[in-house]
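One structure below.
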Amino acid sequence: MIVVNDQRSYYCSMKFRYLKIDLESKTTYTCHAAKPHDVDFEWLAKNTGQLFNTPINIVERNMMLDNQRNSSCEQNCWTAEDAGAVSPRMYQGGIEKTHFETVTQPEIIDLTVGSNCNLTCSYCCKEYSSAWRRDLADNGPYNVTDSKNRFELTNKDRILAKLSQGELKSTAHYQTLLNQIKLSTGTLKKLTVTGGEPFLDNHLTNILPTLSLNNDTVVEIYTGLGVRLQRFEKILDKLKSIRNLEIKISAEGIKAFHEFNRYGSIWSEFESKIQLLDQYKIKYKFHSTLSNLTVFGFVEFYNYFKQSGHTVTFAYQPDMMAIHVLDQTSKQIINEQIQVLPDDIQRPIRQSLSASPTETQRQNIKIFLKEFVSRRKNLDVHIYPTHFLDWMNYVV
């Protein structure tokens with residue numbers, strides 16, 4: 001336990017109203033930015049319907065009510081705030097106190113259906129992308145420090161890689177976790193479906209109608225659109241009857257920046273899928289995760305899709321990809337470019353850019369970038385400004 005030694009509030013409402021369930025890894029999170037906890041299925045069998053109120057969750061909520069800094073929020077929120085950056089709890093409005101009891105029911109459930117994914121997005125990792133696992137299996141680990149096994153395979157990763165979708169979904173644990181969602185729909189305001197790539201899940205369109213959702217529950221599906229156009233159209237035809245559906249599209253750049261940071265996605269096909277969404281009249285918004293690699297070209301992306309809604313979050317893990325791990329010239333140029341953005345997007349970008357990078361972060365992003373480019377075809381690192389590459393001492 002870390003004892004508070006400053007004036008900061010360590011409360012976050014997400015811990016009291018948000019539950020992320022990863023069906024593949026059998027873990028839960030009390031915020032998408034928090035560290036996961038393994039599900040204790042023996043405990044759950046004796047406490048049916050209480051997946052959100054496990055002993056560890058109760059302890060962490062008590063700590064927050066006592067204004068103590070709990071470790072599961074360390075990797076993304078407390079670290080970011082220590083550096084003066086905008087943390088997930090800040091841009092999610094989590095600081096406002098909404099709950100004073102430790103036993104509660106989720107208002108938001110984030111259902112991670114699996115890690116099947118065709119893309120190796122620059123800030124993603126093996127937990128959320130089978131393509132990332134294949135990279136590590138085929139080419140070995142990335143030689144960066146402080147990555148906490150992010151860029152090397154564990155035995156658990158190797159086991160997951162061998163499981164087929166059918167094998168995973170036939171397990172008793174998988175069905176138990178799905179049933180927990182059905183038991184929590186009474187208070188549910190939003191169901192978020194994530195992956196991997198949810199549109200690669202062969203059971204997605206069958207699962208959603210079985211979850212007994214309220215008529216006013218919003219259903220959000222997060223996707224990188226990393227599926228073939230023909231498959232995407234077939235899925236849209238099935239999804240068009242889902243009430244309160246909105247597609248959240250993960251993207252930050254256009255053309256070369258899109259194909260670099262969303263490796264495996266072809267820009268022209270990405271545009272065709274956006275046109276299909278318009279054709280089917282399915283609501284969609286863009287969800288952009290800004291890192292030191294994706295912030296370049298973001299203003300151009302925003303302007304390209306200006307008529308669509310945009311949500312911006314920030315990458316803090318691994319810390320070498322935090323948006324402030326940039327040279328000063330890049331920061332000055334970006335600060336000038338973002339003047340055209342709405343204030344609610346512009347302001348957190350400015351604040352997050354203001355922190356200073358460490359030498360370890362500078363070295364690690366150079367090592368990562370070299371590995372990332374060398375393992376993939378047709379990537380040109382020179383889409384990035386020379387002053388950024390020179391700052392890293394990046395030698396081609």
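Ligands are numbered from 1 in the order shown, chains are lettered A, B, ... in the order of the structure tokens, and residues start at 1 in each chain.
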
Note to self: Using DSSP assignments from the backbone, pull out every residue in region 187-371 of chain A that falls under strand (DSSP E) and give it to me as a VMD selection string.
What the structure shows: chain A and resid 190 to 194 218 to 223 245 to 250 262 to 263 283 to 290 309 to 314

Give one line per residue of region 117-139 of chain A that approaches region 320-340 of chain A to at most 12 Å, naming the two atoms of the closest pair and their distance in Å to one decimal, counting only C-alpha atoms; sort by chain then ascending residue number and deliver it as a tab-separated table.
residue	atom	partner	partner_atom	distance
A:Ser122	CA	A:Met321	CA	9.1
A:Tyr123	CA	A:Met321	CA	7.2
A:Cys124	CA	A:Met321	CA	10.6

Preceding selection exported with C-alpha atoms as a PDB file, in the first residue's frame:
ATOM      1  CA  SER A 122       2.160   0.326 -32.747  1.00  0.00           C
ATOM      2  CA  TYR A 123       0.923   0.864 -29.169  1.00  0.00           C
ATOM      3  CA  CYS A 124      -0.874  -2.489 -28.843  1.00  0.00           C
TER       4      CYS A 124
END

Could you give me, as a Markdown table, a per-residue list for region 89-116 of chain A showing, wherever an atom lies at most 8 Å from an atom of region 57-65 of chain A, the closest pair of atoms and their distance in Å to one decimal, using only C-alpha atoms and sorting by chain then residue number from low to high?
| residue | atom | partner | partner_atom | distance |
| --- | --- | --- | --- | --- |
| A:Phe100 | CA | A:Leu65 | CA | 7.1 |
| A:Thr102 | CA | A:Ile58 | CA | 5.7 |
| A:Val103 | CA | A:Ile58 | CA | 6.9 |

Notebook entry, point to check: Skipping near chain neighbours, those fewer than 5 positions away, what residues fall within 8 Å of Thr194 (chain A) using only C-alpha atoms, listed as a list in words?
Noted result: Asp110, Leu111, Thr112, Val113, Gly114, Ile221, Tyr222 and Thr223 of chain A

Output C-alpha atoms for every residue in the selection just made, as a PDB file, in the first residue's frame.
ATOM      1  CA  ASP A 110     -16.515  -3.928 -21.208  1.00  0.00           C
ATOM      2  CA  LEU A 111     -16.623  -7.389 -22.756  1.00  0.00           C
ATOM      3  CA  THR A 112     -13.338  -8.473 -24.342  1.00  0.00           C
ATOM      4  CA  VAL A 113     -14.376 -11.332 -26.618  1.00  0.00           C
ATOM      5  CA  GLY A 114     -10.862 -12.477 -27.546  1.00  0.00           C
ATOM      6  CA  ILE A 221     -18.247  -2.104 -30.470  1.00  0.00           C
ATOM      7  CA  TYR A 222     -14.612  -1.026 -30.639  1.00  0.00           C
ATOM      8  CA  THR A 223     -12.890  -2.016 -33.868  1.00  0.00           C
TER       9      THR A 223
END

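Each of A:Val144, A:Phe270, A:Ala137, A:Leu245 was compared to Arg362 (chain A) using only C-alpha atoms, and A:Val144 turns out to be the nearest.
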
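Here the question is which of A:Ser308, A:Gln317, A:Gln175, A:Ser9 gets nearest to Asp66 (chain A) using only C-alpha atoms, and that residue is A:Ser9.
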
Margin query: Please list as a list in words every residue within 10 Å of Val295 (chain A), counting only C-alpha atoms and excluding residues in the same chain fewer than 3 positions away.
Written below: Glu252, Gly253, Phe257, Ser288, Thr289, Leu290, Ser291, Asn292, Phe298, Val299, Phe301, Phe314, Ile323, Ile334 and Ile349 of chain A

Take the residues just selected and output them with C-alpha atoms as a compact mmCIF listing (two decimals), in the first residue's frame.
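Everything below was put into again_30.txt:
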# COMPACT_ATOMS: atom_id res chain seq x y z
CA GLU A 252 -5.45 8.34 -35.50
CA GLY A 253 -3.93 8.97 -38.93
CA PHE A 257 0.50 7.24 -40.91
CA SER A 288 -7.97 7.89 -31.14
CA THR A 289 -5.19 6.73 -28.82
CA LEU A 290 -2.43 9.31 -28.92
CA SER A 291 1.15 8.25 -28.36
CA ASN A 292 4.45 9.76 -29.48
CA PHE A 298 -3.53 13.44 -35.96
CA VAL A 299 -4.71 16.95 -36.88
CA PHE A 301 -6.90 12.83 -39.51
CA PHE A 314 -3.55 8.65 -24.34
CA ILE A 323 2.95 11.44 -25.92
CA ILE A 334 2.33 19.89 -32.58
CA ILE A 349 -2.90 17.18 -25.58

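Proximity to Ala315 (chain A) was assessed for A:Leu177, A:Trp43, A:Arg350, A:Thr294 counting only C-alpha atoms; the smallest distance is recorded for A:Thr294.
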
Closest atom pairs, residues of region 269-319 of chain A within 10 Å of region 365-389 of chain A, only C-alpha atoms, as JSON lines:
{"residue": "A:Asn292", "atom": "CA", "partner": "A:Ile365", "partner_atom": "CA", "distance": 9.0}
{"residue": "A:Leu293", "atom": "CA", "partner": "A:Tyr384", "partner_atom": "CA", "distance": 8.4}
{"residue": "A:Phe296", "atom": "CA", "partner": "A:Tyr384", "partner_atom": "CA", "distance": 7.4}
{"residue": "A:Gly297", "atom": "CA", "partner": "A:Tyr384", "partner_atom": "CA", "distance": 9.4}
{"residue": "A:Pro318", "atom": "CA", "partner": "A:Ile365", "partner_atom": "CA", "distance": 9.5}
{"residue": "A:Asp319", "atom": "CA", "partner": "A:Ile365", "partner_atom": "CA", "distance": 9.2}

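Taking CA of Asp157 (chain A) and CA of Lys126 (chain A) as the two end points, the separation is 7.7 Å.
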
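Going from CA of Ala256 (chain A) to CA of Phe199 (chain A) covers 23.8 Å.
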
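Shortest atom-to-atom contact with Arg89 (chain A) among A:Asn261, A:Thr313, A:Asn155, A:Ser115: A:Thr313, counting only C-alpha atoms.
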
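We find CA of Cys31 (chain A) and CA of Phe52 (chain A) to be spaced 11.3 Å apart.
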